[in-house]
Amino acid sequence: MDALVIGGGPAGLAAAEVLAGAGRRVLLAEAKPSVGRKLLMAGKSGLNLTKQEEGFGAAYGTDWLAPMLEAFGPAEVRAWAEGLGQESFVGSTGRVFPRAMKASPLLRAWLGRLNTVELRTRWRWRGWEGNAALFDTPGGAERIEARVTVLALGGASWARLGSDGAWAEVLAGEGVELAPFRPANMGFEVVWSAHMAPHFGSPVKGVRLSAGAAESRGEFVVSARGLEGGGIYEVSAAMREGAPLVLDLLPETSVEDATARLAKGGKESVGNRLRKRLGLSPVARALVMEFGRPLPEGAALAALIKALPVAHGGPRPLDEAISVAGGVTRAAVDDGLMLKARPGVFVAGEMLDWEAPTGGYLLTGCFATGRWAGQHALRYLNQDVG
């Protein structure tokens, strides 16, 4: 076997595509009954492939992935998808989606292109014995020896889709440096008072969220469990590190203007002034009552609405996070994503210690690192032949 790819998510499929496209014999092993499960789950909300914007790579917060994203960034993702017959379009915020607005047509076309790859499902990797990779399979234990291996086993969230992080113990035993797993793009727990129950499921729109230096104008949702949604995810890394969450419920209005408008309410109740004079939605008014009482008056109330501190109980559990930080560190791999502790073994996707917000960055990062690992695995093979 020329190449063994372990993991059938976007990063693993991308690596297999590069290796098989060069005529190499590739076996792809996946622990679940089918490949691309997390990709299909992402497709339920429209399959945000990438984002068309200047400075795309800055969202990753590190220059580690810069050469990979330059080699396979937003333009390349769109061209690749269209090469599979999936026309794409750019939304109002720069996010790129396939016209089909789902993942299944893309995945079917991709697997059609990978028809020379030997696919094995329900094969769970258990580590190595010498140069052989060990698997538990429905037919019993299997040993596969390959000249190169690409690991693309995902992070440690959404275990039911295959990303359970079980590989960390194996790699730690091989002397691979790992950063602890931490949730990324996750919701936060809030123990609500009873008056919030009617607002569960309500979106909060038109506000500014800030946590330390991180800001977002995205919307979020008040749920029975707490706060979740794109706006929260964009500031979640800063919140995870301890920065307090603050809401500006009137981002287009100054404190002075809000104060003047509140004063026009005369003897109206506070609730009516928030509704009639400031135009706050029911859920926004409920948040003011939840986190701002006892409410001040006048300018102090206006200032509170412009900077409402939100108390929470920390991130939701790791397995619920859309993605994770942590994993194989930059120091553990060379520039081609090969493990220094195990030559001939490359790592891609969420196994690597990087994080990015939702909005197309996650999938692009997985495509880019998967292709990068596949290309350098191919170079390793060619050097071996030489």
# chains A, B, ... in the order shown; residues from 1 in each chain; ligands from 1
call {"tool": "select_by_dssp", "arguments": {"residues": "range 63-294 of chain A", "states": "helix (DSSP H, G or I)", "output": "PyMOL selection string"}}
result
chain A and resi 66-71+74-83+104-113+159-161+167-173+194-199+230-240+255-263+270-277+282-292
call {"tool": "residues_around", "arguments": {"residues": "Gly91 in chain A", "least_positions_apart": "5", "cutoff": "12 Å", "atoms": "only C-alpha atoms", "output": "count of residues only"}}
result
14
call {"tool": "closest_atom_pairs", "arguments": {"of": "range 215-240 of chain A", "to": "range 174-184 of chain A", "cutoff": "10 Å", "atoms": "only C-alpha atoms", "output": "tab-separated table"}}
result
residue	atom	partner	partner_atom	distance
A:Tyr233	CA	A:Ala184	CA	7.6
A:Glu234	CA	A:Ala184	CA	9.5
A:Val235	CA	A:Ala184	CA	9.8
A:Ser236	CA	A:Ala184	CA	6.7
A:Ala237	CA	A:Ala184	CA	6.3
A:Arg240	CA	A:Pro183	CA	8.1
call {"tool": "closest_residue", "arguments": {"among": "A:Glu118, A:Glu70, A:Glu290, A:Glu215", "to": "Met239 in chain A", "atoms": "only C-alpha atoms"}}
result
A:Glu215
call {"tool": "closest_residue", "arguments": {"among": "A:Ala238, A:Val333, A:Ala311, A:Leu250", "to": "Arg217 in chain A", "atoms": "only C-alpha atoms"}}
result
A:Leu250
call {"tool": "atom_distance", "arguments": {"atom1": "CA of Glu320 in chain A", "atom2": "CA of Asn185 in chain A"}}
result
9.5 Å
call {"tool": "residues_around", "arguments": {"residues": "range 291-305 of chain A", "least_positions_apart": "4", "cutoff": "7 Å", "atoms": "only C-alpha atoms", "output": "ChimeraX atom specification"}}
result
/A:248-249,255,258-259,262-263,287,309-310
call {"tool": "residues_around", "arguments": {"residues": "Arg285 in chain A", "least_positions_apart": "3", "cutoff": "10 Å", "atoms": "only C-alpha atoms", "output": "MDAnalysis selection string"}}
result
chainID A and resid 249 270:272 274:275 279:282 288:290 305
call {"tool": "residues_around", "arguments": {"residues": "Leu171 in chain A", "least_positions_apart": "2", "cutoff": "10 Å", "atoms": "only C-alpha atoms", "output": "VMD selection string"}}
result
chain A and resid 127 to 128 166 to 169 173 to 178 327 to 328 339 341 to 342
call {"tool": "write_last_selection", "arguments": {"atoms": "N, CA and C atoms", "output": "PDB file, in the first residue's frame"}}
result
ATOM      1  N   GLY A 127      -3.770   2.344  16.787  1.00  0.00           N
ATOM      2  CA  GLY A 127      -2.360   2.684  16.964  1.00  0.00           C
ATOM      3  C   GLY A 127      -1.494   1.859  16.038  1.00  0.00           C
ATOM      4  N   TRP A 128      -0.247   1.687  16.420  1.00  0.00           N
ATOM      5  CA  TRP A 128       0.710   0.962  15.579  1.00  0.00           C
ATOM      6  C   TRP A 128       1.338  -0.212  16.326  1.00  0.00           C
ATOM      7  N   ALA A 166     -10.091  10.149  20.649  1.00  0.00           N
ATOM      8  CA  ALA A 166      -9.444   8.973  21.229  1.00  0.00           C
ATOM      9  C   ALA A 166      -8.005   8.807  20.750  1.00  0.00           C
ATOM     10  N   TRP A 167      -7.697   9.402  19.613  1.00  0.00           N
ATOM     11  CA  TRP A 167      -6.340   9.301  19.061  1.00  0.00           C
ATOM     12  C   TRP A 167      -5.288   9.996  19.920  1.00  0.00           C
ATOM     13  N   ALA A 168      -5.708  10.918  20.768  1.00  0.00           N
ATOM     14  CA  ALA A 168      -4.738  11.700  21.547  1.00  0.00           C
ATOM     15  C   ALA A 168      -3.877  10.807  22.433  1.00  0.00           C
ATOM     16  N   GLU A 169      -4.499   9.807  23.042  1.00  0.00           N
ATOM     17  CA  GLU A 169      -3.747   8.905  23.922  1.00  0.00           C
ATOM     18  C   GLU A 169      -2.700   8.122  23.128  1.00  0.00           C
ATOM     19  N   GLY A 173       1.427   8.607  23.552  1.00  0.00           N
ATOM     20  CA  GLY A 173       2.292   7.459  23.811  1.00  0.00           C
ATOM     21  C   GLY A 173       3.452   7.342  22.849  1.00  0.00           C
ATOM     22  N   GLU A 174       3.326   7.994  21.684  1.00  0.00           N
ATOM     23  CA  GLU A 174       4.406   8.006  20.693  1.00  0.00           C
ATOM     24  C   GLU A 174       5.349   9.190  20.898  1.00  0.00           C
ATOM     25  N   GLY A 175       5.084   9.992  21.929  1.00  0.00           N
ATOM     26  CA  GLY A 175       5.939  11.148  22.198  1.00  0.00           C
ATOM     27  C   GLY A 175       5.563  12.381  21.416  1.00  0.00           C
ATOM     28  N   VAL A 176       4.343  12.445  20.880  1.00  0.00           N
ATOM     29  CA  VAL A 176       3.888  13.609  20.124  1.00  0.00           C
ATOM     30  C   VAL A 176       3.378  14.669  21.102  1.00  0.00           C
ATOM     31  N   GLU A 177       3.849  15.903  20.948  1.00  0.00           N
ATOM     32  CA  GLU A 177       3.407  16.988  21.825  1.00  0.00           C
ATOM     33  C   GLU A 177       1.987  17.394  21.478  1.00  0.00           C
ATOM     34  N   LEU A 178       1.136  17.452  22.497  1.00  0.00           N
ATOM     35  CA  LEU A 178      -0.268  17.805  22.309  1.00  0.00           C
ATOM     36  C   LEU A 178      -0.649  18.958  23.226  1.00  0.00           C
ATOM     37  N   GLY A 327      -4.765  19.963  20.448  1.00  0.00           N
ATOM     38  CA  GLY A 327      -4.399  18.865  19.570  1.00  0.00           C
ATOM     39  C   GLY A 327      -2.911  18.871  19.285  1.00  0.00           C
ATOM     40  N   VAL A 328      -2.524  18.357  18.131  1.00  0.00           N
ATOM     41  CA  VAL A 328      -1.119  18.247  17.755  1.00  0.00           C
ATOM     42  C   VAL A 328      -0.525  19.641  17.569  1.00  0.00           C
ATOM     43  N   LEU A 339       4.761  14.250  11.368  1.00  0.00           N
ATOM     44  CA  LEU A 339       5.130  14.121  12.772  1.00  0.00           C
ATOM     45  C   LEU A 339       6.635  13.923  12.908  1.00  0.00           C
ATOM     46  N   ALA A 341       8.035  12.851  15.517  1.00  0.00           N
ATOM     47  CA  ALA A 341       8.229  11.634  16.292  1.00  0.00           C
ATOM     48  C   ALA A 341       7.989  10.370  15.470  1.00  0.00           C
ATOM     49  N   ARG A 342       7.386  10.526  14.296  1.00  0.00           N
ATOM     50  CA  ARG A 342       7.063   9.339  13.495  1.00  0.00           C
ATOM     51  C   ARG A 342       7.147   9.693  12.019  1.00  0.00           C
TER      52      ARG A 342
END
call {"tool": "select_by_dssp", "arguments": {"residues": "range 212-316 of chain A", "states": "strand (DSSP E)", "output": "list of chain:residue names"}}
result
A:Ala214, A:Glu215, A:Ser216, A:Phe220, A:Val221, A:Val222, A:Ser223, A:Gly226, A:Leu227, A:Glu228, A:Leu245, A:Val246, A:Leu247, A:Asp248, A:Leu308, A:Pro309, A:Val310
call {"tool": "closest_residue", "arguments": {"among": "A:Met1, A:Val222, A:Leu47, A:Leu65", "to": "Thr369 in chain A", "atoms": "only C-alpha atoms"}}
result
A:Leu65
call {"tool": "atom_distance", "arguments": {"atom1": "CA of Glu17 in chain A", "atom2": "CA of Leu111 in chain A"}}
result
9.3 Å
call {"tool": "closest_residue", "arguments": {"among": "A:Glu256, A:Glu189, A:Glu241, A:Glu82", "to": "Arg225 in chain A", "atoms": "only C-alpha atoms"}}
result
A:Glu189
call {"tool": "atom_distance", "arguments": {"atom1": "CA of Val35 in chain A", "atom2": "CA of Thr121 in chain A"}}
result
7.7 Å
call {"tool": "decode", "arguments": {"residues": "range 312-332 of chain A", "atoms": "N, CA and C atoms", "output": "PDB file, in the first residue's frame"}}
result
ATOM      1  N   HIS A 312     -22.525  34.418  32.929  1.00  0.00           N
ATOM      2  CA  HIS A 312     -22.737  33.063  32.409  1.00  0.00           C
ATOM      3  C   HIS A 312     -21.926  32.076  33.237  1.00  0.00           C
ATOM      4  N   GLY A 313     -22.183  30.802  33.015  1.00  0.00           N
ATOM      5  CA  GLY A 313     -21.528  29.751  33.778  1.00  0.00           C
ATOM      6  C   GLY A 313     -20.430  29.038  33.030  1.00  0.00           C
ATOM      7  N   GLY A 314     -19.905  29.664  31.972  1.00  0.00           N
ATOM      8  CA  GLY A 314     -18.816  29.045  31.215  1.00  0.00           C
ATOM      9  C   GLY A 314     -19.306  28.277  30.010  1.00  0.00           C
ATOM     10  N   PRO A 315     -18.373  27.720  29.235  1.00  0.00           N
ATOM     11  CA  PRO A 315     -18.742  27.028  27.993  1.00  0.00           C
ATOM     12  C   PRO A 315     -19.599  25.798  28.232  1.00  0.00           C
ATOM     13  N   ARG A 316     -20.411  25.488  27.246  1.00  0.00           N
ATOM     14  CA  ARG A 316     -21.125  24.224  27.226  1.00  0.00           C
ATOM     15  C   ARG A 316     -20.104  23.093  27.082  1.00  0.00           C
ATOM     16  N   PRO A 317     -20.503  21.830  27.329  1.00  0.00           N
ATOM     17  CA  PRO A 317     -19.550  20.716  27.285  1.00  0.00           C
ATOM     18  C   PRO A 317     -18.803  20.614  25.955  1.00  0.00           C
ATOM     19  N   LEU A 318     -17.588  20.095  26.037  1.00  0.00           N
ATOM     20  CA  LEU A 318     -16.697  19.997  24.878  1.00  0.00           C
ATOM     21  C   LEU A 318     -17.353  19.278  23.707  1.00  0.00           C
ATOM     22  N   ASP A 319     -18.072  18.208  23.957  1.00  0.00           N
ATOM     23  CA  ASP A 319     -18.624  17.420  22.856  1.00  0.00           C
ATOM     24  C   ASP A 319     -19.693  18.178  22.081  1.00  0.00           C
ATOM     25  N   GLU A 320     -20.260  19.240  22.672  1.00  0.00           N
ATOM     26  CA  GLU A 320     -21.275  20.033  21.977  1.00  0.00           C
ATOM     27  C   GLU A 320     -20.670  21.128  21.110  1.00  0.00           C
ATOM     28  N   ALA A 321     -19.385  21.409  21.291  1.00  0.00           N
ATOM     29  CA  ALA A 321     -18.746  22.505  20.555  1.00  0.00           C
ATOM     30  C   ALA A 321     -18.700  22.191  19.063  1.00  0.00           C
ATOM     31  N   ILE A 322     -18.844  23.212  18.253  1.00  0.00           N
ATOM     32  CA  ILE A 322     -18.757  23.015  16.810  1.00  0.00           C
ATOM     33  C   ILE A 322     -17.356  22.566  16.411  1.00  0.00           C
ATOM     34  N   SER A 323     -16.353  23.086  17.090  1.00  0.00           N
ATOM     35  CA  SER A 323     -14.968  22.713  16.820  1.00  0.00           C
ATOM     36  C   SER A 323     -14.193  22.761  18.130  1.00  0.00           C
ATOM     37  N   VAL A 324     -12.907  22.440  18.048  1.00  0.00           N
ATOM     38  CA  VAL A 324     -12.073  22.467  19.250  1.00  0.00           C
ATOM     39  C   VAL A 324     -10.750  23.167  18.967  1.00  0.00           C
ATOM     40  N   ALA A 325     -10.184  23.729  20.020  1.00  0.00           N
ATOM     41  CA  ALA A 325      -8.787  24.150  20.007  1.00  0.00           C
ATOM     42  C   ALA A 325      -7.986  23.045  20.682  1.00  0.00           C
ATOM     43  N   GLY A 326      -6.683  23.068  20.479  1.00  0.00           N
ATOM     44  CA  GLY A 326      -5.853  22.020  21.052  1.00  0.00           C
ATOM     45  C   GLY A 326      -5.600  20.910  20.052  1.00  0.00           C
ATOM     46  N   GLY A 327      -4.765  19.963  20.448  1.00  0.00           N
ATOM     47  CA  GLY A 327      -4.399  18.865  19.570  1.00  0.00           C
ATOM     48  C   GLY A 327      -2.911  18.871  19.285  1.00  0.00           C
ATOM     49  N   VAL A 328      -2.524  18.357  18.131  1.00  0.00           N
ATOM     50  CA  VAL A 328      -1.119  18.247  17.755  1.00  0.00           C
ATOM     51  C   VAL A 328      -0.525  19.641  17.569  1.00  0.00           C
ATOM     52  N   THR A 329       0.529  19.948  18.301  1.00  0.00           N
ATOM     53  CA  THR A 329       1.088  21.297  18.284  1.00  0.00           C
ATOM     54  C   THR A 329       1.941  21.541  17.053  1.00  0.00           C
ATOM     55  N   ARG A 330       2.203  22.820  16.794  1.00  0.00           N
ATOM     56  CA  ARG A 330       3.086  23.202  15.679  1.00  0.00           C
ATOM     57  C   ARG A 330       4.472  22.603  15.866  1.00  0.00           C
ATOM     58  N   ALA A 331       4.944  22.545  17.113  1.00  0.00           N
ATOM     59  CA  ALA A 331       6.289  22.027  17.377  1.00  0.00           C
ATOM     60  C   ALA A 331       6.402  20.536  17.104  1.00  0.00           C
ATOM     61  N   ALA A 332       5.266  19.826  17.029  1.00  0.00           N
ATOM     62  CA  ALA A 332       5.295  18.376  16.856  1.00  0.00           C
ATOM     63  C   ALA A 332       5.401  17.940  15.404  1.00  0.00           C
TER      64      ALA A 332
END
